[in-house]
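Data first, discussion second: the structure below is written as structure tokens.
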Amino acid sequence: MTNAAGAVRITGNGLILREWQEADLPAMVDLFDNPEVARWTPLASPFDLVAAARYLDSGQADESLLHLAITTDGLRPLGEVLLSFEDQSIGVAISPAVRGQGLALRALNLITAYAHETADLPRVIAEIEPGNTASQSVARRAGYRLTDGEPRKRTSRGREISFHLWEHLA
């Protein structure tokens, strides 16, 4: 699942998950600079080219995180999947322009399989806000189950958010 240069590339379910590149900065802006992403993620808002460059640099510098562009052709980013090796969590964001095509579910299934089979993580979690019914539905269809654990609290853009934990076991 890595290429000769050591870059991660995961294929399956009609998708190619690949590492972000500098040429993707305008696509990152298109993907992340919208109210839905601002509502459900801690990303900068507004999300411009400067924020995209900062995000790309931070993702490449942090070896405990895997940030991959979701593509169908290996080129044009349609979304992103994240895998944190440190807290064993994953996340998915899909461009509003291509929602409703099953990309989130297919990408979540791919990154979950990678987490279990390649990264050897016996358990992965998705942190989902209680009101984010679309993400809850995708997690449920990918085999994630809502845990009985205490919600994780985080502060993002000055507001405290409680995330319910959804887990997937290998």
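Identifiers for the structure tokens are assigned positionally: chains receive A, B, ... in sequence, residues are indexed from 1 per chain, and ligands are indexed from 1 in the order shown.
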### Message
DSSP on the backbone, alpha helix (DSSP H) only: what residues of chain A does that give? Format it as number ranges by chain.
### Response
A: 25-32, 35-40, 49-61, 103-117, 133-141
Write a file of the selected residues as a PDB file, in the first residue's frame, keeping C-alpha atoms.
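Dumped everything to part-v1.pdb:
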ATOM      1  CA  LEU A  25      -3.840  23.444  -2.633  1.00  0.00           C
ATOM      2  CA  PRO A  26      -6.643  24.990  -4.776  1.00  0.00           C
ATOM      3  CA  ALA A  27      -8.648  21.748  -4.475  1.00  0.00           C
ATOM      4  CA  MET A  28      -8.178  21.858  -0.680  1.00  0.00           C
ATOM      5  CA  VAL A  29      -9.665  25.353  -0.637  1.00  0.00           C
ATOM      6  CA  ASP A  30     -12.644  24.153  -2.720  1.00  0.00           C
ATOM      7  CA  LEU A  31     -13.123  21.212  -0.372  1.00  0.00           C
ATOM      8  CA  PHE A  32     -12.579  22.796   3.041  1.00  0.00           C
ATOM      9  CA  PRO A  35     -19.914  26.137   6.120  1.00  0.00           C
ATOM     10  CA  GLU A  36     -20.446  22.380   6.579  1.00  0.00           C
ATOM     11  CA  VAL A  37     -16.730  21.682   6.967  1.00  0.00           C
ATOM     12  CA  ALA A  38     -16.433  24.692   9.281  1.00  0.00           C
ATOM     13  CA  ARG A  39     -19.329  23.375  11.359  1.00  0.00           C
ATOM     14  CA  TRP A  40     -18.113  19.799  11.791  1.00  0.00           C
ATOM     15  CA  LEU A  49      -4.603  29.112   0.055  1.00  0.00           C
ATOM     16  CA  VAL A  50      -2.538  30.182   3.071  1.00  0.00           C
ATOM     17  CA  ALA A  51      -4.584  27.897   5.355  1.00  0.00           C
ATOM     18  CA  ALA A  52      -4.286  25.101   2.782  1.00  0.00           C
ATOM     19  CA  ALA A  53      -0.488  25.434   2.638  1.00  0.00           C
ATOM     20  CA  ARG A  54      -0.298  25.459   6.450  1.00  0.00           C
ATOM     21  CA  TYR A  55      -2.554  22.382   6.630  1.00  0.00           C
ATOM     22  CA  LEU A  56      -0.484  20.528   4.021  1.00  0.00           C
ATOM     23  CA  ASP A  57       2.771  21.347   5.834  1.00  0.00           C
ATOM     24  CA  SER A  58       1.424  20.288   9.226  1.00  0.00           C
ATOM     25  CA  GLY A  59       0.063  17.030   7.813  1.00  0.00           C
ATOM     26  CA  GLN A  60       3.354  16.177   6.143  1.00  0.00           C
ATOM     27  CA  ALA A  61       5.361  17.035   9.273  1.00  0.00           C
ATOM     28  CA  LEU A 103     -17.636   8.292  -1.458  1.00  0.00           C
ATOM     29  CA  ALA A 104     -17.625   8.714   2.332  1.00  0.00           C
ATOM     30  CA  LEU A 105     -18.664   5.117   2.968  1.00  0.00           C
ATOM     31  CA  ARG A 106     -16.215   3.690   0.433  1.00  0.00           C
ATOM     32  CA  ALA A 107     -13.366   5.834   1.791  1.00  0.00           C
ATOM     33  CA  LEU A 108     -14.206   4.995   5.403  1.00  0.00           C
ATOM     34  CA  ASN A 109     -14.214   1.284   4.584  1.00  0.00           C
ATOM     35  CA  LEU A 110     -10.808   1.597   2.877  1.00  0.00           C
ATOM     36  CA  ILE A 111      -9.110   3.574   5.651  1.00  0.00           C
ATOM     37  CA  THR A 112     -10.619   1.293   8.303  1.00  0.00           C
ATOM     38  CA  ALA A 113      -9.231  -1.788   6.546  1.00  0.00           C
ATOM     39  CA  TYR A 114      -5.850  -0.054   6.254  1.00  0.00           C
ATOM     40  CA  ALA A 115      -5.914   0.818   9.971  1.00  0.00           C
ATOM     41  CA  HIS A 116      -6.610  -2.786  10.962  1.00  0.00           C
ATOM     42  CA  GLU A 117      -4.623  -4.720   8.378  1.00  0.00           C
ATOM     43  CA  THR A 133     -26.541  12.520  11.361  1.00  0.00           C
ATOM     44  CA  ALA A 134     -24.874  12.084   7.956  1.00  0.00           C
ATOM     45  CA  SER A 135     -21.575  11.018   9.559  1.00  0.00           C
ATOM     46  CA  GLN A 136     -23.414   8.798  12.039  1.00  0.00           C
ATOM     47  CA  SER A 137     -25.162   7.047   9.161  1.00  0.00           C
ATOM     48  CA  VAL A 138     -21.902   6.489   7.261  1.00  0.00           C
ATOM     49  CA  ALA A 139     -20.186   5.163  10.397  1.00  0.00           C
ATOM     50  CA  ARG A 140     -23.075   2.784  11.119  1.00  0.00           C
ATOM     51  CA  ARG A 141     -23.090   1.459   7.531  1.00  0.00           C
TER      52      ARG A 141
END
### Task
Extract, using only C-alpha atoms, all DNA, RNA and protein residues at most 12 Å from A:Thr72, discarding same-chain residues fewer than 6 positions from it, and format them as a list in words.
Ile10, Thr11, Gly12, Asn13, Gly14, Leu15, Ile16, Leu17, Arg18, Leu78, Gly79, Val98, Gln101, Gly102, Leu103, Arg106 and Ala107 of chain A
### Query
With distances taken over only C-alpha atoms, which of A:Leu169, A:Arg9, A:Phe163, A:Thr71 is nearest to A:Pro122?
A:Leu169
### Query
If you measure from atom CA of A:Ser84 to atom CA of A:Leu66, what distance in Å do you get, rounded to one decimal?
6.4 Å
### Task
Just the residues within 12 Å of A:Glu129, please, counting only C-alpha atoms, with nothing from its chain fewer than 6 positions along; format it as an MDAnalysis selection string.
chainID A and resid 39:41 135:136 146 151:154 160:166
Restricted to C-alpha atoms, what would the selected residues look like written as a PDB file, in the first residue's frame?
ATOM      1  CA  ARG A  39     -19.329  23.375  11.359  1.00  0.00           C
ATOM      2  CA  TRP A  40     -18.113  19.799  11.791  1.00  0.00           C
ATOM      3  CA  THR A  41     -14.301  20.106  11.772  1.00  0.00           C
ATOM      4  CA  SER A 135     -21.575  11.018   9.559  1.00  0.00           C
ATOM      5  CA  GLN A 136     -23.414   8.798  12.039  1.00  0.00           C
ATOM      6  CA  LEU A 146     -21.647   3.884  19.167  1.00  0.00           C
ATOM      7  CA  PRO A 151     -18.021  11.777  24.977  1.00  0.00           C
ATOM      8  CA  ARG A 152     -14.705  13.476  24.210  1.00  0.00           C
ATOM      9  CA  LYS A 153     -14.790  17.196  24.750  1.00  0.00           C
ATOM     10  CA  ARG A 154     -12.774  19.530  22.556  1.00  0.00           C
ATOM     11  CA  GLU A 160     -16.781  23.375  23.407  1.00  0.00           C
ATOM     12  CA  ILE A 161     -17.875  20.324  21.454  1.00  0.00           C
ATOM     13  CA  SER A 162     -18.787  16.875  22.761  1.00  0.00           C
ATOM     14  CA  PHE A 163     -17.996  14.071  20.366  1.00  0.00           C
ATOM     15  CA  HIS A 164     -19.606  10.663  20.681  1.00  0.00           C
ATOM     16  CA  LEU A 165     -17.211   7.808  20.062  1.00  0.00           C
ATOM     17  CA  TRP A 166     -17.997   5.239  17.396  1.00  0.00           C
TER      18      TRP A 166
END
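With distances taken over only C-alpha atoms, A:Glu19 is the one residue among A:Glu167, A:Glu19, A:Asp120, A:Asp48 lying closest to A:His67.
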Run DSSP on the backbone of this structure and report the residues of chain A it assigns to strand (DSSP E), as a tab-separated table (two decimals) with N, CA and C atoms, in the first residue's frame.
chain	number	residue	atom	x	y	z
A	9	ARG	N	-0.53	4.96	-0.65
A	9	ARG	CA	-1.54	4.97	-1.71
A	9	ARG	C	-2.40	3.73	-1.46
A	10	ILE	N	-3.68	3.95	-1.23
A	10	ILE	CA	-4.60	2.86	-0.94
A	10	ILE	C	-5.65	2.83	-2.04
A	11	THR	N	-5.85	1.67	-2.64
A	11	THR	CA	-6.82	1.56	-3.72
A	11	THR	C	-7.87	0.50	-3.39
A	12	GLY	N	-9.06	0.72	-3.88
A	12	GLY	CA	-10.16	-0.22	-3.72
A	12	GLY	C	-11.48	0.52	-3.71
A	15	LEU	N	-11.89	3.71	-5.56
A	15	LEU	CA	-11.20	4.91	-5.08
A	15	LEU	C	-9.69	4.71	-5.04
A	16	ILE	N	-9.01	5.83	-5.09
A	16	ILE	CA	-7.57	5.87	-4.84
A	16	ILE	C	-7.37	6.93	-3.76
A	17	LEU	N	-6.88	6.48	-2.60
A	17	LEU	CA	-6.54	7.40	-1.52
A	17	LEU	C	-5.04	7.64	-1.63
A	18	ARG	N	-4.66	8.89	-1.74
A	18	ARG	CA	-3.25	9.22	-1.93
A	18	ARG	C	-2.88	10.44	-1.10
A	19	GLU	N	-1.59	10.60	-0.90
A	19	GLU	CA	-1.13	11.73	-0.11
A	19	GLU	C	-1.40	13.04	-0.86
A	65	LEU	N	0.02	11.22	11.99
A	65	LEU	CA	-1.22	11.41	11.23
A	65	LEU	C	-1.03	11.01	9.78
A	66	LEU	N	-2.06	10.45	9.22
A	66	LEU	CA	-2.09	10.14	7.80
A	66	LEU	C	-3.24	10.93	7.20
A	67	HIS	N	-2.92	11.88	6.33
A	67	HIS	CA	-3.92	12.69	5.63
A	67	HIS	C	-3.89	12.25	4.16
A	68	LEU	N	-4.99	11.74	3.65
A	68	LEU	CA	-5.01	11.28	2.27
A	68	LEU	C	-6.15	11.92	1.51
A	69	ALA	N	-5.86	12.33	0.28
A	69	ALA	CA	-6.90	12.83	-0.62
A	69	ALA	C	-7.70	11.64	-1.14
A	70	ILE	N	-9.00	11.82	-1.21
A	70	ILE	CA	-9.89	10.82	-1.81
A	70	ILE	C	-10.05	11.17	-3.28
A	71	THR	N	-9.71	10.23	-4.16
A	71	THR	CA	-9.87	10.46	-5.60
A	71	THR	C	-10.50	9.21	-6.22
A	79	GLY	N	-12.25	14.65	-1.61
A	79	GLY	CA	-12.42	14.66	-0.16
A	79	GLY	C	-11.13	14.25	0.50
A	80	GLU	N	-11.23	13.95	1.79
A	80	GLU	CA	-10.06	13.57	2.56
A	80	GLU	C	-10.43	12.53	3.60
A	81	VAL	N	-9.49	11.62	3.87
A	81	VAL	CA	-9.58	10.72	5.02
A	81	VAL	C	-8.37	11.00	5.90
A	82	LEU	N	-8.58	10.85	7.20
A	82	LEU	CA	-7.52	11.03	8.19
A	82	LEU	C	-7.42	9.78	9.03
A	83	LEU	N	-6.22	9.45	9.43
A	83	LEU	CA	-5.99	8.39	10.39
A	83	LEU	C	-4.95	8.90	11.38
A	84	SER	N	-5.32	8.96	12.65
A	84	SER	CA	-4.38	9.31	13.71
A	84	SER	C	-3.92	8.02	14.35
A	89	SER	N	-7.87	7.27	15.77
A	89	SER	CA	-9.13	7.81	15.27
A	89	SER	C	-9.03	8.07	13.78
A	90	ILE	N	-10.19	8.07	13.14
A	90	ILE	CA	-10.26	8.35	11.72
A	90	ILE	C	-11.36	9.36	11.45
A	91	GLY	N	-11.25	10.01	10.32
A	91	GLY	CA	-12.26	10.98	9.91
A	91	GLY	C	-12.33	11.04	8.40
A	92	VAL	N	-13.46	11.53	7.91
A	92	VAL	CA	-13.70	11.64	6.47
A	92	VAL	C	-14.38	12.98	6.21
A	93	ALA	N	-13.96	13.66	5.16
A	93	ALA	CA	-14.64	14.87	4.68
A	93	ALA	C	-14.81	14.73	3.17
A	94	ILE	N	-16.00	15.04	2.68
A	94	ILE	CA	-16.31	14.92	1.25
A	94	ILE	C	-16.75	16.29	0.73
A	123	ARG	N	-8.42	-1.49	17.14
A	123	ARG	CA	-9.63	-0.68	17.33
A	123	ARG	C	-9.39	0.70	16.75
A	124	VAL	N	-10.35	1.20	16.00
A	124	VAL	CA	-10.30	2.58	15.54
A	124	VAL	C	-11.61	3.25	15.91
A	125	ILE	N	-11.54	4.55	16.12
A	125	ILE	CA	-12.74	5.28	16.50
A	125	ILE	C	-12.98	6.46	15.56
A	126	ALA	N	-14.22	6.82	15.46
A	126	ALA	CA	-14.64	8.05	14.78
A	126	ALA	C	-15.31	8.91	15.83
A	127	GLU	N	-14.88	10.14	15.93
A	127	GLU	CA	-15.49	11.09	16.86
A	127	GLU	C	-16.52	11.88	16.08
A	128	ILE	N	-17.79	11.76	16.48
A	128	ILE	CA	-18.87	12.38	15.72
A	128	ILE	C	-19.77	13.16	16.66
A	145	ARG	N	-19.85	1.11	15.72
A	145	ARG	CA	-20.89	1.07	16.74
A	145	ARG	C	-20.65	2.17	17.75
A	146	LEU	N	-21.72	2.84	18.15
A	146	LEU	CA	-21.65	3.88	19.17
A	146	LEU	C	-21.24	3.24	20.48
A	152	ARG	N	-15.94	12.69	24.15
A	152	ARG	CA	-14.70	13.48	24.21
A	152	ARG	C	-15.07	14.93	24.02
A	153	LYS	N	-14.52	15.76	24.85
A	153	LYS	CA	-14.79	17.20	24.75
A	153	LYS	C	-13.57	17.88	24.15
A	154	ARG	N	-13.84	18.75	23.20
A	154	ARG	CA	-12.77	19.53	22.56
A	154	ARG	C	-13.29	20.95	22.36
A	155	THR	N	-12.36	21.88	22.30
A	155	THR	CA	-12.72	23.26	22.01
A	155	THR	C	-12.27	23.59	20.61
A	156	SER	N	-13.17	24.12	19.82
A	156	SER	CA	-12.88	24.49	18.44
A	156	SER	C	-13.51	25.84	18.16
A	159	ARG	N	-15.77	27.29	20.87
A	159	ARG	CA	-16.92	26.57	21.41
A	159	ARG	C	-16.50	25.17	21.83
A	160	GLU	N	-17.08	24.72	22.94
A	160	GLU	CA	-16.78	23.38	23.41
A	160	GLU	C	-17.72	22.40	22.70
A	161	ILE	N	-17.13	21.32	22.22
A	161	ILE	CA	-17.88	20.32	21.45
A	161	ILE	C	-17.72	18.98	22.15
A	162	SER	N	-18.81	18.25	22.26
A	162	SER	CA	-18.79	16.87	22.76
A	162	SER	C	-18.93	15.93	21.58
A	163	PHE	N	-17.96	15.05	21.44
A	163	PHE	CA	-18.00	14.07	20.37
A	163	PHE	C	-18.35	12.71	20.93
A	164	HIS	N	-19.33	12.05	20.34
A	164	HIS	CA	-19.61	10.66	20.68
A	164	HIS	C	-18.58	9.79	19.97
A	165	LEU	N	-18.21	8.71	20.62
A	165	LEU	CA	-17.21	7.81	20.06
A	165	LEU	C	-17.88	6.62	19.40
A	166	TRP	N	-17.54	6.39	18.16
A	166	TRP	CA	-18.00	5.24	17.40
A	166	TRP	C	-16.77	4.37	17.15
A	167	GLU	N	-16.86	3.08	17.44
A	167	GLU	CA	-15.68	2.23	17.29
A	167	GLU	C	-15.90	1.14	16.26
A	168	HIS	N	-14.76	0.72	15.71
A	168	HIS	CA	-14.74	-0.41	14.79
A	168	HIS	C	-13.63	-1.32	15.27
A	169	LEU	N	-13.95	-2.58	15.50
A	169	LEU	CA	-12.97	-3.54	15.99
A	169	LEU	C	-12.50	-4.43	14.86
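For the pair atom CA of A:Glu22 and atom CA of A:Arg99, the interatomic distance is 24.2 Å.
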